[in-house]
$ cat work_18.txt   # compact mmCIF, N, CA and C atoms
# COMPACT_ATOMS: atom_id res chain seq x y z
N MET A 580 0.84 -1.17 0.00
CA MET A 580 0.00 0.00 0.00
C MET A 580 0.89 1.24 0.00
N GLN A 581 0.67 2.14 -0.94
CA GLN A 581 1.43 3.39 -1.04
C GLN A 581 0.90 4.40 -0.02
N ILE A 582 1.81 4.98 0.74
CA ILE A 582 1.42 5.98 1.73
C ILE A 582 1.72 7.35 1.16
N GLN A 583 0.74 8.21 1.14
CA GLN A 583 0.92 9.59 0.70
C GLN A 583 1.37 10.42 1.89
N LYS A 584 2.59 10.91 1.86
CA LYS A 584 3.07 11.74 2.95
C LYS A 584 2.42 13.11 2.87
N ARG A 585 2.03 13.61 4.00
CA ARG A 585 1.47 14.96 4.07
C ARG A 585 2.61 15.96 4.19
N THR A 586 2.36 17.13 3.62
CA THR A 586 3.38 18.18 3.62
C THR A 586 2.99 19.29 4.58
N ILE A 587 3.94 19.64 5.44
CA ILE A 587 3.76 20.73 6.40
C ILE A 587 4.69 21.87 6.00
N LEU A 588 4.14 23.07 5.88
CA LEU A 588 4.96 24.25 5.67
C LEU A 588 5.30 24.81 7.05
N LEU A 589 6.57 24.83 7.37
CA LEU A 589 7.08 25.32 8.64
C LEU A 589 7.63 26.73 8.40
N VAL A 590 6.96 27.72 8.98
CA VAL A 590 7.36 29.11 8.77
C VAL A 590 7.96 29.63 10.07
N GLU A 591 9.28 29.76 10.06
CA GLU A 591 10.03 30.11 11.27
C GLU A 591 11.35 30.75 10.85
N ASP A 592 11.68 31.89 11.43
CA ASP A 592 12.91 32.57 11.07
C ASP A 592 14.09 32.19 11.95
N GLU A 593 13.86 31.49 13.04
CA GLU A 593 14.94 31.09 13.95
C GLU A 593 15.31 29.63 13.71
N LEU A 594 16.56 29.42 13.29
CA LEU A 594 17.03 28.08 12.92
C LEU A 594 16.84 27.03 14.02
N PRO A 595 17.16 27.31 15.30
CA PRO A 595 16.98 26.25 16.31
C PRO A 595 15.53 25.75 16.40
N PHE A 596 14.56 26.65 16.32
CA PHE A 596 13.16 26.22 16.36
C PHE A 596 12.79 25.45 15.09
N ARG A 597 13.30 25.89 13.93
CA ARG A 597 13.03 25.15 12.69
C ARG A 597 13.55 23.73 12.80
N GLN A 598 14.74 23.57 13.35
CA GLN A 598 15.33 22.24 13.48
C GLN A 598 14.50 21.35 14.39
N ILE A 599 14.06 21.87 15.52
CA ILE A 599 13.27 21.09 16.47
C ILE A 599 11.99 20.59 15.82
N TYR A 600 11.25 21.49 15.20
CA TYR A 600 9.96 21.11 14.63
C TYR A 600 10.12 20.27 13.37
N ARG A 601 11.12 20.59 12.55
CA ARG A 601 11.39 19.80 11.35
C ARG A 601 11.69 18.35 11.75
N ASP A 602 12.56 18.18 12.74
CA ASP A 602 12.93 16.82 13.16
C ASP A 602 11.72 16.07 13.73
N ALA A 603 10.92 16.73 14.55
CA ALA A 603 9.74 16.08 15.12
C ALA A 603 8.75 15.68 14.03
N LEU A 604 8.56 16.55 13.05
CA LEU A 604 7.63 16.24 11.96
C LEU A 604 8.16 15.11 11.07
N HIS A 605 9.45 15.14 10.77
CA HIS A 605 10.04 14.06 9.98
C HIS A 605 9.90 12.72 10.69
N MET A 606 10.12 12.71 12.01
CA MET A 606 10.01 11.47 12.78
C MET A 606 8.60 10.88 12.71
N HIS A 607 7.62 11.71 12.44
CA HIS A 607 6.24 11.24 12.36
C HIS A 607 5.77 11.10 10.91
N GLY A 608 6.71 11.09 9.98
CA GLY A 608 6.38 10.76 8.60
C GLY A 608 5.91 11.92 7.74
N TYR A 609 6.06 13.14 8.19
CA TYR A 609 5.63 14.29 7.40
C TYR A 609 6.78 14.82 6.55
N GLU A 610 6.44 15.29 5.35
CA GLU A 610 7.37 16.06 4.55
C GLU A 610 7.33 17.48 5.10
N VAL A 611 8.46 18.14 5.14
CA VAL A 611 8.52 19.50 5.68
C VAL A 611 9.15 20.42 4.65
N VAL A 612 8.43 21.50 4.37
CA VAL A 612 8.94 22.57 3.53
C VAL A 612 9.11 23.76 4.47
N GLU A 613 10.20 24.50 4.30
CA GLU A 613 10.49 25.59 5.23
C GLU A 613 10.48 26.95 4.56
N ALA A 614 10.07 27.95 5.33
CA ALA A 614 10.14 29.34 4.92
C ALA A 614 10.62 30.15 6.11
N GLU A 615 11.43 31.17 5.84
CA GLU A 615 12.00 31.98 6.92
C GLU A 615 11.33 33.33 7.07
N SER A 616 10.40 33.66 6.18
CA SER A 616 9.70 34.95 6.28
C SER A 616 8.25 34.75 5.83
N GLY A 617 7.42 35.71 6.18
CA GLY A 617 6.03 35.66 5.75
C GLY A 617 5.92 35.73 4.24
N GLU A 618 6.74 36.56 3.64
CA GLU A 618 6.73 36.71 2.18
C GLU A 618 7.11 35.38 1.50
N GLU A 619 8.15 34.74 2.01
CA GLU A 619 8.58 33.44 1.46
C GLU A 619 7.49 32.39 1.65
N ALA A 620 6.80 32.43 2.79
CA ALA A 620 5.72 31.47 3.05
C ALA A 620 4.62 31.58 2.00
N LEU A 621 4.22 32.79 1.68
CA LEU A 621 3.17 32.98 0.68
C LEU A 621 3.61 32.49 -0.69
N GLN A 622 4.89 32.66 -1.01
CA GLN A 622 5.40 32.18 -2.29
C GLN A 622 5.40 30.65 -2.33
N VAL A 623 5.82 30.02 -1.23
CA VAL A 623 5.83 28.55 -1.17
C VAL A 623 4.41 28.01 -1.34
N VAL A 624 3.45 28.61 -0.64
CA VAL A 624 2.06 28.15 -0.73
C VAL A 624 1.53 28.33 -2.16
N ALA A 625 1.90 29.42 -2.81
CA ALA A 625 1.45 29.65 -4.19
C ALA A 625 2.04 28.61 -5.14
N ASP A 626 3.28 28.21 -4.90
CA ASP A 626 3.95 27.23 -5.77
C ASP A 626 3.46 25.81 -5.51
N THR A 627 3.38 25.43 -4.25
CA THR A 627 3.00 24.07 -3.86
C THR A 627 2.22 24.13 -2.56
N PRO A 628 0.90 24.19 -2.61
CA PRO A 628 0.11 24.29 -1.37
C PRO A 628 0.37 23.09 -0.44
N PRO A 629 0.68 23.37 0.82
CA PRO A 629 0.90 22.29 1.79
C PRO A 629 -0.42 21.78 2.35
N ASP A 630 -0.34 20.71 3.12
CA ASP A 630 -1.53 20.19 3.79
C ASP A 630 -1.85 20.99 5.05
N LEU A 631 -0.82 21.64 5.62
CA LEU A 631 -1.00 22.43 6.84
C LEU A 631 0.17 23.40 6.96
N VAL A 632 -0.10 24.56 7.58
CA VAL A 632 0.95 25.55 7.83
C VAL A 632 1.17 25.67 9.33
N LEU A 633 2.42 25.52 9.75
CA LEU A 633 2.83 25.76 11.13
C LEU A 633 3.56 27.10 11.09
N LEU A 634 2.97 28.13 11.72
CA LEU A 634 3.33 29.51 11.44
C LEU A 634 3.70 30.31 12.68
N ASP A 635 4.89 30.87 12.65
CA ASP A 635 5.30 31.82 13.69
C ASP A 635 4.63 33.16 13.39
N ILE A 636 4.51 34.01 14.39
CA ILE A 636 3.91 35.33 14.20
C ILE A 636 4.97 36.39 13.93
N VAL A 637 6.04 36.38 14.72
CA VAL A 637 7.08 37.40 14.58
C VAL A 637 8.06 36.95 13.50
N LEU A 638 7.88 37.54 12.30
CA LEU A 638 8.66 37.14 11.13
C LEU A 638 9.15 38.39 10.39
N PRO A 639 10.23 38.25 9.63
CA PRO A 639 10.65 39.38 8.80
C PRO A 639 9.70 39.57 7.61
N LYS A 640 9.63 40.77 7.13
CA LYS A 640 8.88 41.19 5.94
C LYS A 640 7.37 41.22 6.17
N LEU A 641 6.74 40.09 6.34
CA LEU A 641 5.30 40.03 6.64
C LEU A 641 5.12 39.25 7.93
N SER A 642 4.28 39.72 8.81
CA SER A 642 4.05 39.00 10.06
C SER A 642 3.19 37.76 9.82
N GLY A 643 3.18 36.89 10.80
CA GLY A 643 2.30 35.73 10.73
C GLY A 643 0.84 36.13 10.63
N PHE A 644 0.46 37.24 11.27
CA PHE A 644 -0.91 37.73 11.15
C PHE A 644 -1.23 38.05 9.69
N ASP A 645 -0.28 38.69 8.99
CA ASP A 645 -0.47 39.02 7.57
C ASP A 645 -0.60 37.75 6.72
N VAL A 646 0.19 36.74 7.06
CA VAL A 646 0.15 35.48 6.31
C VAL A 646 -1.20 34.79 6.51
N VAL A 647 -1.68 34.72 7.75
CA VAL A 647 -2.99 34.11 8.02
C VAL A 647 -4.06 34.84 7.21
N THR A 648 -4.04 36.16 7.26
CA THR A 648 -5.03 36.96 6.53
C THR A 648 -4.99 36.65 5.04
N ALA A 649 -3.80 36.67 4.46
CA ALA A 649 -3.66 36.41 3.02
C ALA A 649 -4.14 35.01 2.64
N LEU A 650 -3.76 34.00 3.43
CA LEU A 650 -4.15 32.63 3.11
C LEU A 650 -5.65 32.42 3.25
N LYS A 651 -6.25 32.99 4.26
CA LYS A 651 -7.67 32.77 4.51
C LYS A 651 -8.55 33.58 3.56
N GLN A 652 -8.01 34.63 2.93
CA GLN A 652 -8.80 35.42 1.99
C GLN A 652 -8.75 34.87 0.58
N ALA A 653 -7.76 34.06 0.26
CA ALA A 653 -7.61 33.52 -1.10
C ALA A 653 -8.41 32.23 -1.24
N PRO A 654 -9.27 32.14 -2.25
CA PRO A 654 -10.09 30.93 -2.44
C PRO A 654 -9.28 29.63 -2.51
N LYS A 655 -8.09 29.65 -3.13
CA LYS A 655 -7.30 28.43 -3.28
C LYS A 655 -6.65 27.96 -1.98
N THR A 656 -6.50 28.87 -1.00
CA THR A 656 -5.77 28.51 0.21
C THR A 656 -6.59 28.66 1.48
N LYS A 657 -7.81 29.10 1.37
CA LYS A 657 -8.61 29.39 2.56
C LYS A 657 -8.87 28.17 3.44
N ASP A 658 -8.82 26.97 2.86
CA ASP A 658 -9.11 25.76 3.63
C ASP A 658 -7.87 25.07 4.19
N ILE A 659 -6.69 25.62 3.94
CA ILE A 659 -5.47 25.03 4.49
C ILE A 659 -5.44 25.31 5.99
N PRO A 660 -5.37 24.27 6.82
CA PRO A 660 -5.29 24.49 8.26
C PRO A 660 -4.01 25.22 8.65
N ILE A 661 -4.13 26.09 9.65
CA ILE A 661 -2.99 26.86 10.14
C ILE A 661 -2.91 26.72 11.65
N ILE A 662 -1.73 26.32 12.12
CA ILE A 662 -1.45 26.35 13.55
C ILE A 662 -0.43 27.45 13.76
N VAL A 663 -0.81 28.44 14.54
CA VAL A 663 0.10 29.50 14.90
C VAL A 663 0.85 29.07 16.15
N TYR A 664 2.16 29.24 16.13
CA TYR A 664 2.94 29.00 17.34
C TYR A 664 3.87 30.19 17.48
N SER A 665 3.85 30.77 18.65
CA SER A 665 4.56 32.02 18.82
C SER A 665 4.97 32.22 20.27
N VAL A 666 5.99 33.06 20.46
CA VAL A 666 6.36 33.45 21.82
C VAL A 666 5.35 34.47 22.36
N LEU A 667 4.56 35.05 21.47
CA LEU A 667 3.50 35.97 21.90
C LEU A 667 2.39 35.14 22.53
N ASN A 668 2.31 35.16 23.85
CA ASN A 668 1.31 34.33 24.51
C ASN A 668 0.28 35.18 25.26
N ASP A 669 0.13 36.42 24.81
CA ASP A 669 -0.87 37.29 25.43
C ASP A 669 -2.23 37.07 24.77
N ARG A 670 -3.27 37.27 25.52
CA ARG A 670 -4.63 37.02 25.05
C ARG A 670 -4.97 37.78 23.76
N PRO A 671 -4.59 39.07 23.61
CA PRO A 671 -4.92 39.76 22.36
C PRO A 671 -4.27 39.12 21.12
N SER A 672 -3.03 38.64 21.23
CA SER A 672 -2.38 37.99 20.10
C SER A 672 -3.05 36.68 19.74
N ILE A 673 -3.38 35.90 20.76
CA ILE A 673 -4.06 34.62 20.55
C ILE A 673 -5.42 34.86 19.91
N ASP A 674 -6.19 35.79 20.47
CA ASP A 674 -7.52 36.09 19.93
C ASP A 674 -7.44 36.60 18.49
N ARG A 675 -6.45 37.43 18.22
CA ARG A 675 -6.30 37.98 16.86
C ARG A 675 -6.00 36.88 15.86
N ALA A 676 -5.06 35.99 16.19
CA ALA A 676 -4.71 34.90 15.27
C ALA A 676 -5.91 34.02 14.98
N LEU A 677 -6.66 33.68 16.02
CA LEU A 677 -7.84 32.83 15.83
C LEU A 677 -8.94 33.56 15.06
N ALA A 678 -9.12 34.84 15.34
CA ALA A 678 -10.14 35.62 14.64
C ALA A 678 -9.81 35.76 13.15
N LEU A 679 -8.53 35.80 12.83
CA LEU A 679 -8.12 35.90 11.42
C LEU A 679 -8.30 34.59 10.67
N GLY A 680 -8.46 33.49 11.40
CA GLY A 680 -8.71 32.21 10.75
C GLY A 680 -7.78 31.09 11.10
N ALA A 681 -6.81 31.32 11.99
CA ALA A 681 -5.94 30.22 12.42
C ALA A 681 -6.80 29.17 13.12
N ASN A 682 -6.44 27.91 12.93
CA ASN A 682 -7.20 26.81 13.53
C ASN A 682 -6.81 26.55 14.97
N ASP A 683 -5.57 26.90 15.33
CA ASP A 683 -5.09 26.64 16.67
C ASP A 683 -3.94 27.58 16.96
N PHE A 684 -3.62 27.72 18.23
CA PHE A 684 -2.53 28.59 18.68
C PHE A 684 -1.81 27.86 19.79
N THR A 685 -0.49 27.86 19.72
CA THR A 685 0.30 27.24 20.77
C THR A 685 1.50 28.13 21.07
N VAL A 686 1.99 28.06 22.28
CA VAL A 686 3.08 28.94 22.70
C VAL A 686 4.42 28.26 22.42
N LYS A 687 5.20 28.91 21.57
CA LYS A 687 6.51 28.39 21.17
C LYS A 687 7.45 28.41 22.37
N GLY A 688 8.16 27.31 22.56
CA GLY A 688 9.10 27.22 23.66
C GLY A 688 8.49 26.69 24.94
N GLU A 689 7.17 26.74 25.04
CA GLU A 689 6.48 26.21 26.23
C GLU A 689 5.73 24.92 25.92
N THR A 690 5.35 24.74 24.68
CA THR A 690 4.62 23.54 24.26
C THR A 690 5.61 22.57 23.63
N PRO A 691 5.74 21.36 24.16
CA PRO A 691 6.67 20.39 23.56
C PRO A 691 6.33 20.10 22.09
N ALA A 692 7.36 19.82 21.31
CA ALA A 692 7.17 19.56 19.88
C ALA A 692 6.19 18.42 19.64
N PHE A 693 6.21 17.37 20.48
CA PHE A 693 5.31 16.25 20.26
C PHE A 693 3.84 16.68 20.41
N GLU A 694 3.58 17.67 21.28
CA GLU A 694 2.20 18.17 21.41
C GLU A 694 1.77 18.93 20.17
N VAL A 695 2.71 19.65 19.58
CA VAL A 695 2.40 20.34 18.32
C VAL A 695 2.12 19.31 17.23
N VAL A 696 2.91 18.25 17.18
CA VAL A 696 2.67 17.18 16.20
C VAL A 696 1.29 16.56 16.44
N ASN A 697 0.91 16.35 17.69
CA ASN A 697 -0.43 15.82 17.99
C ASN A 697 -1.52 16.74 17.48
N LYS A 698 -1.34 18.04 17.61
CA LYS A 698 -2.32 19.00 17.11
C LYS A 698 -2.42 18.91 15.59
N ILE A 699 -1.27 18.75 14.94
CA ILE A 699 -1.25 18.61 13.48
C ILE A 699 -1.99 17.35 13.06
N GLN A 700 -1.70 16.25 13.73
CA GLN A 700 -2.36 14.98 13.42
C GLN A 700 -3.87 15.10 13.58
N THR A 701 -4.30 15.77 14.63
CA THR A 701 -5.73 15.96 14.88
C THR A 701 -6.37 16.79 13.77
N LEU A 702 -5.74 17.91 13.43
CA LEU A 702 -6.30 18.77 12.38
C LEU A 702 -6.36 18.08 11.03
N LEU A 703 -5.37 17.24 10.74
CA LEU A 703 -5.33 16.56 9.45
C LEU A 703 -6.08 15.24 9.45
N GLY A 704 -6.58 14.84 10.61
CA GLY A 704 -7.29 13.57 10.70
C GLY A 704 -6.37 12.38 10.54
N ASP A 705 -5.12 12.55 10.91
CA ASP A 705 -4.13 11.47 10.82
C ASP A 705 -4.20 10.64 12.08
N ASP A 706 -4.97 9.58 12.05
CA ASP A 706 -5.06 8.74 13.23
C ASP A 706 -3.95 7.71 13.26
N ARG A 707 -3.24 7.61 12.16
CA ARG A 707 -2.07 6.74 12.11
C ARG A 707 -0.93 7.56 11.52
N TYR A 708 0.26 7.26 11.92
CA TYR A 708 1.40 7.98 11.39
C TYR A 708 2.61 7.07 11.43
N ILE A 709 3.62 7.46 10.68
CA ILE A 709 4.87 6.71 10.68
C ILE A 709 5.69 7.19 11.85
N SER A 710 5.89 6.35 12.85
CA SER A 710 6.67 6.76 14.02
C SER A 710 8.15 6.42 13.84
N ASP A 711 8.46 5.57 12.90
CA ASP A 711 9.84 5.18 12.65
C ASP A 711 10.20 5.55 11.22
N PRO A 712 11.12 6.50 11.01
CA PRO A 712 11.47 6.90 9.66
C PRO A 712 12.02 5.77 8.82
N GLN A 713 12.43 4.66 9.42
CA GLN A 713 12.96 3.54 8.67
C GLN A 713 11.87 2.69 8.01
N LEU A 714 10.60 2.92 8.40
CA LEU A 714 9.52 2.16 7.79
C LEU A 714 9.42 2.51 6.31
N THR A 715 9.11 1.52 5.51
CA THR A 715 8.98 1.77 4.07
C THR A 715 7.53 2.10 3.76
N ASN A 716 7.28 2.49 2.55
CA ASN A 716 5.92 2.84 2.13
C ASN A 716 5.00 1.63 2.18
N ASP A 717 5.55 0.44 2.17
CA ASP A 717 4.72 -0.76 2.17
C ASP A 717 4.49 -1.33 3.57
N SER A 718 5.16 -0.76 4.55
CA SER A 718 5.03 -1.29 5.91
C SER A 718 3.74 -0.83 6.56
N PRO A 719 3.14 -1.67 7.40
CA PRO A 719 1.96 -1.23 8.13
C PRO A 719 2.31 -0.20 9.16
N HIS A 720 1.35 0.63 9.50
CA HIS A 720 1.57 1.66 10.52
C HIS A 720 1.35 1.06 11.90
N PRO A 721 2.03 1.61 12.89
CA PRO A 721 1.80 1.15 14.26
C PRO A 721 0.43 1.57 14.76
$ encode --input "work_18.txt" --output "structure tokens"
Amino acid sequence: MQIQKRTILLVEDELPFRQIYRDALHMHGYEVVEAESGEEALQVVADTPPDLVLLDIVLPKLSGFDVVTALKQAPKTKDIPIIVYSVLNDRPSIDRALALGANDFTVKGETPAFEVVNKIQTLLGDDRYISDPQLTNDSPHP
């Protein structure tokens, strides 16, 4: 049985956070595409729409708020789930992200990567995932 890997767009300008989330997502069988700015994120989505966007708020060029707004206003991208994760953990920032159309909000640095992966799995309806990167496309899932 061929397994279709889901693609996550990871939008993060800080390399250590990109590495943490990229590694956690790879370990669970997701393809990861990365962007370091809001502007780059919109270009990536235009070229190859991902299954989900994991989005920081504080970014160069365009903020995560701007990215959420742009994605949710465009007919081709309005249904792509977005999880905002940010060091901004104040109620106004959380409310704003959700009001703009983000599906979830989590606090970067306080929420373990595996919990973020669980949120992604829930939003994508992935009740099974590849927990071992050594599994082949023909192997059964745990």
$ atom_distance --input "work_18.txt" --atom1 "atom N of Val637 (chain A)" --atom2 "CA of Lys584 (chain A)"
27.5 Å
$ select_by_dssp --input "work_18.txt" --residues "chain A" --states "alpha helix (DSSP H)" --output "ChimeraX atom specification"
/A:594-606,617-626,643-652,670-679,692-703
$ residues_around --input "work_18.txt" --residues "Thr685 (chain A)" --least-positions-apart "4" --cutoff "8 Å" --atoms "only C-alpha atoms" --output "list of chain:residue names"
A:Ile662, A:Val663, A:Tyr664, A:Ser665, A:Thr690, A:Val695
$ write_last_selection --input "work_18.txt" --atoms "N, CA and C atoms" --output "short mmCIF file (atom, residue, chain, number, x, y, z; two decimals), in the frame of the given file"
data_model
loop_
_atom_site.label_atom_id
_atom_site.label_comp_id
_atom_site.auth_asym_id
_atom_site.auth_seq_id
_atom_site.Cartn_x
_atom_site.Cartn_y
_atom_site.Cartn_z
N ILE A 662 -1.73 26.32 12.12
CA ILE A 662 -1.45 26.35 13.55
C ILE A 662 -0.43 27.45 13.76
N VAL A 663 -0.81 28.44 14.54
CA VAL A 663 0.10 29.50 14.90
C VAL A 663 0.85 29.07 16.15
N TYR A 664 2.16 29.24 16.13
CA TYR A 664 2.94 29.00 17.34
C TYR A 664 3.87 30.19 17.48
N SER A 665 3.85 30.77 18.65
CA SER A 665 4.56 32.02 18.82
C SER A 665 4.97 32.22 20.27
N THR A 690 5.35 24.74 24.68
CA THR A 690 4.62 23.54 24.26
C THR A 690 5.61 22.57 23.63
N VAL A 695 2.71 19.65 19.58
CA VAL A 695 2.40 20.34 18.32
C VAL A 695 2.12 19.31 17.23
#
$ residues_around --input "work_18.txt" --residues "region 618-622 of chain A" --least-positions-apart "2" --cutoff "6.5 Å" --atoms "only N, CA and C atoms" --output "ChimeraX atom specification"
/A:590,614-616,624-627,639-641
$ closest_residue --input "work_18.txt" --among "A:Tyr609, A:Gly617, A:Val623, A:Pro628" --to "Lys655 (chain A)" --atoms "only N, CA and C atoms"
A:Pro628
$ residues_near_point --input "work_18.txt" --point "(-0.6, 17.2, 0.5)" --cutoff "6 Å" --atoms "only C-alpha atoms" --output "list in words"
Arg585, Thr586, Pro629 and Asp630 of chain A
$ write_last_selection --input "work_18.txt" --atoms "N, CA and C atoms" --output "PDB file, in the coordinates of the input"
ATOM      1  N   ARG A 585       2.030  13.610   4.000  1.00  0.00           N
ATOM      2  CA  ARG A 585       1.470  14.960   4.070  1.00  0.00           C
ATOM      3  C   ARG A 585       2.610  15.960   4.190  1.00  0.00           C
ATOM      4  N   THR A 586       2.360  17.130   3.620  1.00  0.00           N
ATOM      5  CA  THR A 586       3.380  18.180   3.620  1.00  0.00           C
ATOM      6  C   THR A 586       2.990  19.290   4.580  1.00  0.00           C
ATOM      7  N   PRO A 629       0.680  23.370   0.820  1.00  0.00           N
ATOM      8  CA  PRO A 629       0.900  22.290   1.790  1.00  0.00           C
ATOM      9  C   PRO A 629      -0.420  21.780   2.350  1.00  0.00           C
ATOM     10  N   ASP A 630      -0.340  20.710   3.120  1.00  0.00           N
ATOM     11  CA  ASP A 630      -1.530  20.190   3.790  1.00  0.00           C
ATOM     12  C   ASP A 630      -1.850  20.990   5.050  1.00  0.00           C
TER      13      ASP A 630
END
$ select_by_dssp --input "work_18.txt" --residues "region 609-703 of chain A" --states "strand (DSSP E or B)" --output "PyMOL selection string"
chain A and resi 610-614+631-634+661-665+683-686
$ write_last_selection --input "work_18.txt" --atoms "N, CA and C atoms" --output "short mmCIF file (atom, residue, chain, number, x, y, z; two decimals), in the frame of the given file"
data_model
loop_
_atom_site.label_atom_id
_atom_site.label_comp_id
_atom_site.auth_asym_id
_atom_site.auth_seq_id
_atom_site.Cartn_x
_atom_site.Cartn_y
_atom_site.Cartn_z
N GLU A 610 6.44 15.29 5.35
CA GLU A 610 7.37 16.06 4.55
C GLU A 610 7.33 17.48 5.10
N VAL A 611 8.46 18.14 5.14
CA VAL A 611 8.52 19.50 5.68
C VAL A 611 9.15 20.42 4.65
N VAL A 612 8.43 21.50 4.37
CA VAL A 612 8.94 22.57 3.53
C VAL A 612 9.11 23.76 4.47
N GLU A 613 10.20 24.50 4.30
CA GLU A 613 10.49 25.59 5.23
C GLU A 613 10.48 26.95 4.56
N ALA A 614 10.07 27.95 5.33
CA ALA A 614 10.14 29.34 4.92
C ALA A 614 10.62 30.15 6.11
N LEU A 631 -0.82 21.64 5.62
CA LEU A 631 -1.00 22.43 6.84
C LEU A 631 0.17 23.40 6.96
N VAL A 632 -0.10 24.56 7.58
CA VAL A 632 0.95 25.55 7.83
C VAL A 632 1.17 25.67 9.33
N LEU A 633 2.42 25.52 9.75
CA LEU A 633 2.83 25.76 11.13
C LEU A 633 3.56 27.10 11.09
N LEU A 634 2.97 28.13 11.72
CA LEU A 634 3.33 29.51 11.44
C LEU A 634 3.70 30.31 12.68
N ILE A 661 -4.13 26.09 9.65
CA ILE A 661 -2.99 26.86 10.14
C ILE A 661 -2.91 26.72 11.65
N ILE A 662 -1.73 26.32 12.12
CA ILE A 662 -1.45 26.35 13.55
C ILE A 662 -0.43 27.45 13.76
N VAL A 663 -0.81 28.44 14.54
CA VAL A 663 0.10 29.50 14.90
C VAL A 663 0.85 29.07 16.15
N TYR A 664 2.16 29.24 16.13
CA TYR A 664 2.94 29.00 17.34
C TYR A 664 3.87 30.19 17.48
N SER A 665 3.85 30.77 18.65
CA SER A 665 4.56 32.02 18.82
C SER A 665 4.97 32.22 20.27
N ASP A 683 -5.57 26.90 15.33
CA ASP A 683 -5.09 26.64 16.67
C ASP A 683 -3.94 27.58 16.96
N PHE A 684 -3.62 27.72 18.23
CA PHE A 684 -2.53 28.59 18.68
C PHE A 684 -1.81 27.86 19.79
N THR A 685 -0.49 27.86 19.72
CA THR A 685 0.30 27.24 20.77
C THR A 685 1.50 28.13 21.07
N VAL A 686 1.99 28.06 22.28
CA VAL A 686 3.08 28.94 22.70
C VAL A 686 4.42 28.26 22.42
#
$ closest_residue --input "work_18.txt" --among "A:Val632, A:Gln583, A:Lys687, A:Arg670" --to "Gly608 (chain A)" --atoms "all atoms listed in the file"
A:Gln583
$ atom_distance --input "work_18.txt" --atom1 "CA of Ala676 (chain A)" --atom2 "atom N of Asp635 (chain A)"
10.7 Å
$ residues_around --input "work_18.txt" --residues "region 644-647 of chain A" --least-positions-apart "5" --cutoff "6 Å" --atoms "all atoms listed in the file" --output "PyMOL selection string"
chain A and resi 617+636+652+679
$ closest_residue --input "work_18.txt" --among "A:Asp683, A:Asp674, A:Glu689, A:Asp592" --to "Pro660 (chain A)" --atoms "all atoms listed in the file"
A:Asp683
$ closest_residue --input "work_18.txt" --among "A:Pro671, A:Leu702, A:Lys651, A:Val696" --to "Leu589 (chain A)" --atoms "only C-alpha atoms"
A:Val696
$ atom_distance --input "work_18.txt" --atom1 "atom N of Ile673 (chain A)" --atom2 "CA of Glu591 (chain A)"
17.4 Å
